[in-house]
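Dumped run-v8.cif below, it's mmCIF, C-alpha atoms:
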data_query
#
loop_
_atom_site.label_atom_id
_atom_site.label_comp_id
_atom_site.auth_asym_id
_atom_site.auth_seq_id
_atom_site.Cartn_x
_atom_site.Cartn_y
_atom_site.Cartn_z
CA MET A 183 59.72 23.49 18.15
CA THR A 184 57.18 22.06 20.56
CA ASP A 185 57.37 18.33 21.20
CA VAL A 186 54.18 16.66 19.99
CA ALA A 187 54.21 14.25 22.94
CA THR A 188 54.17 17.14 25.44
CA ARG A 189 51.34 19.10 23.83
CA PRO A 190 48.27 19.38 26.06
CA ALA A 191 45.24 17.44 24.87
CA PRO A 192 42.55 19.64 23.32
CA ALA A 193 39.85 20.56 25.81
CA VAL A 194 36.56 18.74 25.35
CA PRO A 195 33.71 21.25 24.93
CA ALA A 196 31.49 21.51 27.99
CA ARG A 197 28.18 20.69 26.22
CA PRO A 198 29.29 17.36 24.67
CA ARG A 199 30.87 16.41 27.98
CA ARG A 200 27.62 17.16 29.83
CA LEU A 201 25.57 15.24 27.28
CA LEU A 202 27.95 12.28 27.62
CA ARG A 203 27.64 12.39 31.42
CA LEU A 204 23.85 12.54 31.24
CA GLY A 205 23.72 9.75 28.68
CA VAL A 206 25.90 7.47 30.80
CA SER A 207 23.82 8.26 33.92
CA TRP A 208 20.59 7.51 32.09
CA VAL A 209 21.90 4.20 30.75
CA LEU A 210 23.04 3.22 34.25
CA LEU A 211 19.56 4.00 35.58
CA VAL A 212 18.01 1.85 32.86
CA GLY A 213 20.31 -0.96 33.98
CA LEU A 214 19.23 -0.40 37.59
CA LEU A 215 15.59 -0.50 36.49
CA LEU A 216 16.15 -3.90 34.84
CA VAL A 217 17.75 -5.20 38.06
CA VAL A 218 14.80 -3.93 40.11
CA CYS A 219 12.38 -5.62 37.69
CA PHE A 220 14.29 -8.89 38.16
CA PHE A 221 13.99 -8.65 41.95
CA SER A 222 10.32 -7.66 41.64
CA ILE A 223 9.61 -10.88 39.75
CA SER A 224 11.83 -13.17 41.80
CA MET A 225 11.25 -11.90 45.36
CA GLY A 226 8.15 -12.02 47.55
CA SER A 227 6.52 -13.48 50.62
CA ARG A 228 6.62 -16.93 48.97
CA ASP A 229 10.16 -18.28 48.53
CA ILE A 230 10.67 -19.32 44.91
CA THR A 231 14.06 -20.39 43.55
CA LEU A 232 15.62 -18.64 40.58
CA ARG A 233 15.49 -21.91 38.67
CA THR A 234 11.73 -22.07 39.18
CA VAL A 235 11.40 -18.43 38.09
CA TRP A 236 13.26 -19.26 34.86
CA ASP A 237 11.14 -22.37 34.29
CA ALA A 238 7.96 -20.32 34.68
CA PHE A 239 8.87 -18.61 31.39
CA ASP A 240 10.91 -21.29 29.64
CA ALA A 241 8.95 -24.42 30.61
CA PHE A 242 5.64 -23.28 32.03
CA ASP A 243 3.72 -25.92 33.96
CA PRO A 244 0.02 -25.02 34.41
CA SER A 245 -0.22 -27.31 37.45
CA SER A 246 2.65 -25.58 39.28
CA THR A 247 1.57 -23.08 41.94
CA GLU A 248 4.97 -21.36 41.83
CA HIS A 249 4.72 -20.88 38.07
CA ALA A 250 1.24 -19.43 38.47
CA VAL A 251 2.46 -17.01 41.12
CA ILE A 252 5.22 -15.79 38.82
CA ARG A 253 3.17 -15.40 35.65
CA GLU A 254 -0.22 -14.38 37.03
CA MET A 255 0.79 -12.25 40.01
CA ARG A 256 4.37 -11.00 40.00
CA VAL A 257 4.70 -10.27 36.28
CA PRO A 258 1.50 -8.15 36.11
CA ARG A 259 2.55 -6.45 39.34
CA THR A 260 5.94 -5.55 37.87
CA LEU A 261 4.47 -4.34 34.58
CA LEU A 262 2.00 -2.13 36.44
CA GLY A 263 4.85 -0.79 38.56
CA LEU A 264 6.65 0.21 35.37
CA THR A 265 3.73 1.94 33.69
CA VAL A 266 2.07 3.49 36.75
CA GLY A 267 5.40 4.69 38.12
CA ALA A 268 6.31 6.32 34.81
CA ALA A 269 2.86 7.94 34.58
CA LEU A 270 3.05 9.42 38.09
CA GLY A 271 6.65 10.65 37.73
CA MET A 272 6.01 12.34 34.39
CA SER A 273 2.79 13.89 35.73
CA GLY A 274 4.68 15.41 38.64
CA ALA A 275 7.42 16.79 36.38
CA ILE A 276 4.87 18.34 34.00
CA LEU A 277 2.84 19.86 36.83
CA GLN A 278 5.93 21.38 38.44
CA GLY A 279 6.96 22.83 35.07
CA VAL A 280 3.54 24.16 34.04
CA THR A 281 2.75 25.75 37.41
CA ARG A 282 6.38 26.66 38.29
CA ASN A 283 5.53 25.22 41.66
CA PRO A 284 8.07 22.92 43.38
CA LEU A 285 5.26 21.40 45.48
CA ALA A 286 3.07 20.52 42.50
CA ASP A 287 2.21 16.84 42.50
CA PRO A 288 -0.84 14.87 41.36
CA GLY A 289 -1.51 14.06 45.03
CA ILE A 290 -1.08 17.53 46.47
CA MET A 291 -2.87 19.22 43.56
CA GLY A 292 -5.99 17.14 44.19
CA ILE A 293 -5.86 15.21 40.90
CA ASN A 294 -5.42 11.78 42.50
CA ALA A 295 -8.11 12.62 45.04
CA GLY A 296 -10.46 13.62 42.21
CA ALA A 297 -9.87 10.36 40.39
CA ALA A 298 -10.30 8.37 43.59
CA ALA A 299 -13.54 10.16 44.53
CA ALA A 300 -14.97 9.59 41.05
CA VAL A 301 -14.15 5.88 41.12
CA VAL A 302 -15.63 5.41 44.59
CA ALA A 303 -18.74 7.41 43.69
CA SER A 304 -19.25 5.49 40.46
CA ALA A 305 -18.95 2.18 42.35
CA SER A 306 -21.05 3.00 45.40
CA LEU A 307 -23.69 5.31 43.86
CA LEU A 308 -23.96 4.07 40.27
CA GLY A 309 -22.93 0.45 40.75
CA ILE A 310 -20.13 0.65 38.21
CA GLY A 311 -17.69 -2.14 39.05
CA SER A 312 -16.01 -2.85 35.73
CA LEU A 313 -12.42 -1.75 35.21
CA SER A 314 -13.25 0.13 32.02
CA GLY A 315 -15.98 2.04 33.84
CA GLN A 316 -13.58 2.88 36.67
CA ILE A 317 -10.97 4.13 34.19
CA TRP A 318 -13.38 6.56 32.58
CA ALA A 319 -14.67 7.65 35.97
CA ALA A 320 -11.07 8.29 37.04
CA PHE A 321 -10.46 10.40 33.92
CA VAL A 322 -13.54 12.50 34.64
CA GLY A 323 -12.62 12.93 38.29
CA ALA A 324 -8.99 13.81 37.54
CA GLY A 325 -10.04 16.28 34.85
CA LEU A 326 -12.65 18.01 37.02
CA ALA A 327 -10.24 18.28 39.95
CA THR A 328 -7.61 19.82 37.66
CA VAL A 329 -10.08 22.38 36.31
CA VAL A 330 -11.34 23.29 39.79
CA VAL A 331 -7.86 23.70 41.31
CA TYR A 332 -6.54 25.75 38.41
CA GLY A 333 -9.76 27.79 38.12
CA VAL A 334 -9.90 28.65 41.83
CA SER A 335 -6.22 29.57 41.98
CA SER A 336 -6.53 31.79 38.88
CA PHE A 337 -8.82 34.29 40.58
CA GLY A 338 -7.18 37.64 41.24
CA ARG A 339 -4.74 39.85 39.39
CA GLU A 340 -1.71 37.67 40.08
CA GLY A 341 -3.28 34.60 38.52
CA ALA A 342 -2.37 31.04 39.47
CA THR A 343 0.69 31.65 41.63
CA PRO A 344 2.54 28.66 43.17
CA VAL A 345 1.20 29.45 46.65
CA LYS A 346 -2.42 29.77 45.46
CA LEU A 347 -2.13 26.54 43.49
CA ALA A 348 -0.79 24.68 46.53
CA LEU A 349 -3.54 26.09 48.78
CA ALA A 350 -6.30 25.33 46.26
CA GLY A 351 -4.91 21.83 45.73
CA ALA A 352 -4.73 21.14 49.46
CA ALA A 353 -8.31 22.39 49.95
CA VAL A 354 -9.69 20.32 47.06
CA THR A 355 -7.75 17.25 48.24
CA ALA A 356 -9.15 17.60 51.77
CA GLY A 357 -12.71 18.03 50.51
CA LEU A 358 -12.56 15.12 48.07
CA THR A 359 -10.89 12.85 50.63
CA ALA A 360 -13.66 13.58 53.12
CA PHE A 361 -16.27 12.92 50.40
CA THR A 362 -14.64 9.61 49.50
CA SER A 363 -14.39 8.53 53.15
CA ALA A 364 -18.05 9.38 53.73
CA LEU A 365 -19.13 7.27 50.75
CA VAL A 366 -17.03 4.30 51.81
CA MET A 367 -17.97 4.46 55.50
CA THR A 368 -21.70 4.46 54.76
CA SER A 369 -21.51 1.23 52.78
CA THR A 370 -19.96 -1.90 54.25
CA GLU A 371 -19.94 -3.58 50.86
CA ALA A 372 -18.21 -0.62 49.25
CA LEU A 373 -15.76 -0.46 52.14
CA ASN A 374 -14.78 -4.11 51.73
CA GLU A 375 -14.44 -3.71 47.99
CA LEU A 376 -12.50 -0.49 47.99
CA ARG A 377 -10.43 -0.38 51.15
CA PHE A 378 -7.35 -1.93 49.51
CA TRP A 379 -7.81 0.14 46.35
CA GLN A 380 -7.93 3.34 48.38
CA VAL A 381 -4.51 2.69 49.92
CA GLY A 382 -2.76 2.44 46.59
CA ALA A 383 -1.44 -1.00 45.73
CA LEU A 384 0.15 -3.02 42.96
CA ALA A 385 -0.96 -6.30 44.58
CA GLY A 386 -4.07 -8.03 43.29
CA ARG A 387 -3.96 -6.28 39.91
CA TYR A 388 -3.81 -8.72 37.05
CA MET A 389 -3.01 -8.56 33.35
CA PRO A 390 -6.43 -7.23 32.26
CA VAL A 391 -5.80 -4.15 34.42
CA PHE A 392 -2.43 -3.64 32.75
CA TRP A 393 -3.75 -4.08 29.21
CA GLN A 394 -6.76 -1.78 29.72
CA THR A 395 -4.72 1.09 31.17
CA LEU A 396 -1.66 0.66 28.94
CA PRO A 397 -2.97 2.56 25.85
CA PHE A 398 -3.91 5.63 27.88
CA ILE A 399 -0.58 5.70 29.71
CA VAL A 400 1.41 5.20 26.49
CA ILE A 401 -0.42 8.07 24.77
CA GLY A 402 0.14 10.30 27.79
CA LEU A 403 3.82 9.39 28.00
CA VAL A 404 4.38 10.09 24.28
CA VAL A 405 2.95 13.59 24.70
CA ALA A 406 4.87 14.10 27.95
CA VAL A 407 8.24 13.08 26.51
CA GLY A 408 7.85 15.71 23.79
CA ALA A 409 6.89 18.47 26.22
CA GLY A 410 10.41 19.32 27.40
CA ARG A 411 10.98 22.29 25.11
CA ALA A 412 7.58 23.80 25.96
CA LEU A 413 8.23 23.37 29.69
CA ASN A 414 11.62 25.06 29.31
CA GLY A 415 9.86 28.03 27.75
CA LEU A 416 7.24 28.19 30.52
CA ALA A 417 9.98 27.94 33.14
CA LEU A 418 11.35 31.28 31.88
CA GLY A 419 8.05 33.00 32.54
CA GLU A 420 4.86 33.52 30.58
CA ASP A 421 6.08 36.72 28.89
CA VAL A 422 9.29 35.07 27.70
CA ALA A 423 7.39 32.01 26.50
CA VAL A 424 5.06 34.24 24.43
CA ALA A 425 8.07 36.11 23.05
CA LEU A 426 9.57 32.76 22.01
CA GLY A 427 6.45 32.04 19.97
CA GLN A 428 4.64 29.69 22.33
CA ARG A 429 0.87 29.66 22.55
CA VAL A 430 0.87 29.51 26.35
CA GLY A 431 -2.83 28.85 26.80
CA VAL A 432 -2.92 25.96 24.34
CA THR A 433 0.31 24.51 25.76
CA ARG A 434 -1.02 24.56 29.31
CA ALA A 435 -4.35 23.05 28.26
CA VAL A 436 -2.66 20.18 26.39
CA LEU A 437 -0.30 19.48 29.30
CA PHE A 438 -3.09 19.56 31.90
CA VAL A 439 -5.12 17.10 29.79
CA THR A 440 -2.01 14.91 29.55
CA VAL A 441 -1.63 14.96 33.34
CA ALA A 442 -5.31 14.10 33.79
CA VAL A 443 -5.00 11.13 31.41
CA LEU A 444 -1.84 9.81 33.09
CA CYS A 445 -3.14 10.27 36.64
CA GLY A 446 -6.60 8.94 35.77
CA ALA A 447 -5.21 5.74 34.27
CA ALA A 448 -2.66 5.27 37.08
CA THR A 449 -5.24 5.84 39.81
CA ALA A 450 -7.79 3.58 38.17
CA ALA A 451 -5.17 0.83 37.97
CA CYS A 452 -3.59 1.03 41.43
CA GLY A 453 -5.41 3.61 43.51
CA PRO A 454 -4.06 6.95 44.71
CA ILE A 455 -0.27 6.66 45.13
CA VAL A 456 1.48 9.70 46.55
CA PHE A 457 5.04 11.07 46.72
CA VAL A 458 6.30 9.54 43.44
CA GLY A 459 5.22 12.54 41.38
CA LEU A 460 6.45 14.95 44.04
CA VAL A 461 9.89 13.59 44.91
CA VAL A 462 11.16 12.00 41.69
CA PRO A 463 11.28 15.20 39.54
CA HIS A 464 13.35 16.88 42.27
CA VAL A 465 15.78 13.95 42.34
CA ALA A 466 15.98 14.08 38.54
CA ARG A 467 16.65 17.83 38.73
CA MET A 468 19.50 17.18 41.18
CA ILE A 469 21.07 14.77 38.67
CA CYS A 470 20.59 16.57 35.38
CA GLY A 471 19.92 20.25 36.12
CA PRO A 472 17.00 22.50 35.14
CA ASP A 473 16.53 21.36 31.51
CA TYR A 474 13.06 19.78 31.39
CA ARG A 475 13.99 17.59 28.43
CA ALA A 476 16.46 15.81 30.71
CA ILE A 477 14.19 15.98 33.78
CA LEU A 478 11.42 14.17 31.88
CA ALA A 479 13.83 11.55 30.54
CA PHE A 480 15.23 10.82 34.01
CA SER A 481 11.79 10.90 35.67
CA LEU A 482 10.62 8.31 33.14
CA VAL A 483 13.20 5.84 34.50
CA LEU A 484 13.51 6.91 38.14
CA SER A 485 9.79 6.76 38.96
CA PRO A 486 9.32 3.03 38.21
CA ILE A 487 12.48 2.31 40.20
CA VAL A 488 11.09 4.11 43.25
CA LEU A 489 7.67 2.48 42.96
CA LEU A 490 8.99 -1.05 42.46
CA VAL A 491 11.57 -0.77 45.26
CA ALA A 492 8.81 0.41 47.63
CA ASP A 493 6.65 -2.51 46.51
CA ILE A 494 9.47 -5.01 47.12
CA LEU A 495 10.10 -3.57 50.59
CA GLY A 496 6.38 -3.89 51.34
CA ARG A 497 6.45 -7.57 50.40
CA LEU A 498 9.42 -8.30 52.66
CA ALA A 499 8.51 -6.06 55.62
CA VAL A 500 5.83 -8.34 57.09
CA PRO A 501 6.73 -12.04 57.49
CA ASP A 502 3.26 -13.49 56.89
CA GLY A 503 1.79 -10.76 54.73
CA GLU A 504 2.77 -7.53 53.06
CA LEU A 505 2.35 -3.78 53.20
CA GLN A 506 0.72 -2.05 50.27
CA VAL A 507 3.01 0.17 48.24
CA GLY A 508 0.99 3.27 49.10
CA VAL A 509 1.69 2.71 52.81
CA VAL A 510 5.43 2.15 52.22
CA LEU A 511 5.72 5.28 50.08
CA GLY A 512 3.89 7.31 52.71
CA VAL A 513 6.22 6.08 55.48
CA LEU A 514 9.44 6.54 53.49
CA GLY A 515 8.43 9.45 51.26
CA ALA A 516 7.58 11.96 53.98
CA PRO A 517 10.95 11.98 55.79
CA PHE A 518 12.81 11.79 52.47
CA PHE A 519 11.00 14.86 51.19
CA VAL A 520 11.68 16.71 54.46
CA LEU A 521 15.39 15.99 54.02
CA LEU A 522 15.18 17.10 50.40
CA VAL A 523 13.58 20.40 51.41
CA ARG A 524 16.06 20.78 54.28
CA TYR A 525 19.18 20.45 52.15
CA ARG A 526 18.00 21.70 48.78
CA ASN A 527 16.55 25.06 47.76
CA LEU A 528 13.06 24.21 46.53
CA THR A 529 11.48 27.62 46.92
CA GLU A 530 11.33 28.14 43.15
CA LEU A 531 12.04 26.30 39.91
#
Serialized structure, structure tokens:
Amino acid sequence: MTDVATRPAPAVPARPRRLLRLGVSWVLLVGLLLVVCFFSISMGSRDITLRTVWDAFDAFDPSSTEHAVIREMRVPRTLLGLTVGAALGMSGAILQGVTRNPLADPGIMGINAGAAAAVVASASLLGIGSLSGQIWAAFVGAGLATVVVYGVSSFGREGATPVKLALAGAAVTAGLTAFTSALVMTSTEALNELRFWQVGALAGRYMPVFWQTLPFIVIGLVVAVGAGRALNGLALGEDVAVALGQRVGVTRAVLFVTVAVLCGAATAACGPIVFVGLVVPHVARMICGPDYRAILAFSLVLSPIVLLVADILGRLAVPDGELQVGVVLGVLGAPFFVLLVRYRNLTEL
């Protein structure tokens, strides 16, 4: 008779064990995000004690400059980092899934450039300076750029292959960037007004910017979070997705509109910010594997972490000033992505 104490423990099935590991990892990332938010509110070029930070919420003094800095500058900046980061990361994950292109990103695909060009054109040519006007201009620009890139790359028998999408996106980005630069350089007033916005920054954006872009980003994120199953089907190929009962054309149209909404709102709020949508989905894929339901969930948390950490580094990098987050991401994102490509197989998804 076998001794009960010496019996081997029953093996835990692989799927529950994987789900447990992913759940624990996701919860840890949420904890890290909360820590980053704390540092984003408490750290900056102006030294403010933790006691003063607490008093800014618990015992707000309207005459205190430190309290005003916390509530009117750092809190909106942190909230925008959360929403804009999530919007850019989810956009990148959706684009990479829809196009099956590991290089798909709102920046590389020309969507950010389209939104930026539309905002600059509306300000310099039409005199539209209100935030709501810029948001709608960004939506139009992001949508048109998406249609142009996908339409141009769809010519030919092979359709929109990853290489054709990347080439069309690079061409559209170059053209729109040149158009935007020409508009700004011909108007000193427009240059002064838009030069910080063009870089991509969380600084100088206040609560009205957050509240006006929040509904669009929330709607886009709700659709994006539910897109994991559809992206898993598309990742298997168009024929397999059709065999599984998906309406591929409708699915792609809905997801492209979602990307345009997310990128339009993010760009209108903070300007064109690159590398978040490109790098974060790959990092999420390294953690959780190829399932897009998990990739979207991890991108939702990882992207704000990356954006806020870059913003904090930008505040601390220059003693008497700060670097905009778009500059920091450009400096750090390029070598990081080169290392990612060097040590990971990104040729296909």
TODO: Expand the PyMOL selection byres ((chain A and resi 216) around 12) into the individual residues it matches in the shown file, reporting them as number ranges by chain.
DONE: A: 209-215, 217-223, 260-261, 264, 483-484, 486-487, 490-491
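Here CA of Val520 (chain A) stands at a distance of 15.1 Å from CA of Ile290 (chain A).
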- [ ] Have a look at A:Ala385, A:Val462, A:Ala352, A:Ala417 and name the one nearest to Ala268 (chain A); count all atoms listed in the file.
- [x] A:Val462
Evaluate the PyMOL selection byres ((chain A and resi 204) around 12) and record the selected residues as a PDB file with C-alpha atoms, in the frame of the given file, following the chain and residue labels used in the document.
ATOM      1  CA  ARG A 197      28.180  20.690  26.220  1.00  0.00           C
ATOM      2  CA  PRO A 198      29.290  17.360  24.670  1.00  0.00           C
ATOM      3  CA  ARG A 199      30.870  16.410  27.980  1.00  0.00           C
ATOM      4  CA  ARG A 200      27.620  17.160  29.830  1.00  0.00           C
ATOM      5  CA  LEU A 201      25.570  15.240  27.280  1.00  0.00           C
ATOM      6  CA  LEU A 202      27.950  12.280  27.620  1.00  0.00           C
ATOM      7  CA  ARG A 203      27.640  12.390  31.420  1.00  0.00           C
ATOM      8  CA  GLY A 205      23.720   9.750  28.680  1.00  0.00           C
ATOM      9  CA  VAL A 206      25.900   7.470  30.800  1.00  0.00           C
ATOM     10  CA  SER A 207      23.820   8.260  33.920  1.00  0.00           C
ATOM     11  CA  TRP A 208      20.590   7.510  32.090  1.00  0.00           C
ATOM     12  CA  VAL A 209      21.900   4.200  30.750  1.00  0.00           C
ATOM     13  CA  LEU A 210      23.040   3.220  34.250  1.00  0.00           C
ATOM     14  CA  LEU A 211      19.560   4.000  35.580  1.00  0.00           C
ATOM     15  CA  ALA A 466      15.980  14.080  38.540  1.00  0.00           C
ATOM     16  CA  ARG A 467      16.650  17.830  38.730  1.00  0.00           C
ATOM     17  CA  MET A 468      19.500  17.180  41.180  1.00  0.00           C
ATOM     18  CA  ILE A 469      21.070  14.770  38.670  1.00  0.00           C
ATOM     19  CA  CYS A 470      20.590  16.570  35.380  1.00  0.00           C
ATOM     20  CA  GLY A 471      19.920  20.250  36.120  1.00  0.00           C
ATOM     21  CA  ASP A 473      16.530  21.360  31.510  1.00  0.00           C
ATOM     22  CA  ARG A 475      13.990  17.590  28.430  1.00  0.00           C
ATOM     23  CA  ALA A 476      16.460  15.810  30.710  1.00  0.00           C
ATOM     24  CA  ILE A 477      14.190  15.980  33.780  1.00  0.00           C
ATOM     25  CA  ALA A 479      13.830  11.550  30.540  1.00  0.00           C
ATOM     26  CA  PHE A 480      15.230  10.820  34.010  1.00  0.00           C
TER      27      PHE A 480
END
Task: Between CA of Gly459 (chain A) and CA of Ala350 (chain A), distance in Å (one decimal) - done: 17.9 Å
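In terms of minimum interatomic distance to Leu270 (chain A), A:Ile399 ranks closest within A:Ile399, A:Val405, A:Leu437, A:Leu347, counting all atoms listed in the file.
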Task: Nearest to Val461 (chain A), chosen from A:Ala327, A:Met225, A:Leu511, A:Met255, with only C-alpha atoms counted in the distances - done: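 Checking each of A:Ala327, A:Met225, A:Leu511, A:Met255 against Val461 (chain A), counting only C-alpha atoms, the winner is A:Leu511.
Distances from A:Gly410, A:Gly351, A:Val302, A:Gly503 to Ala364 (chain A) were compared using all atoms listed in the file, and the smallest one belongs to A:Val302.
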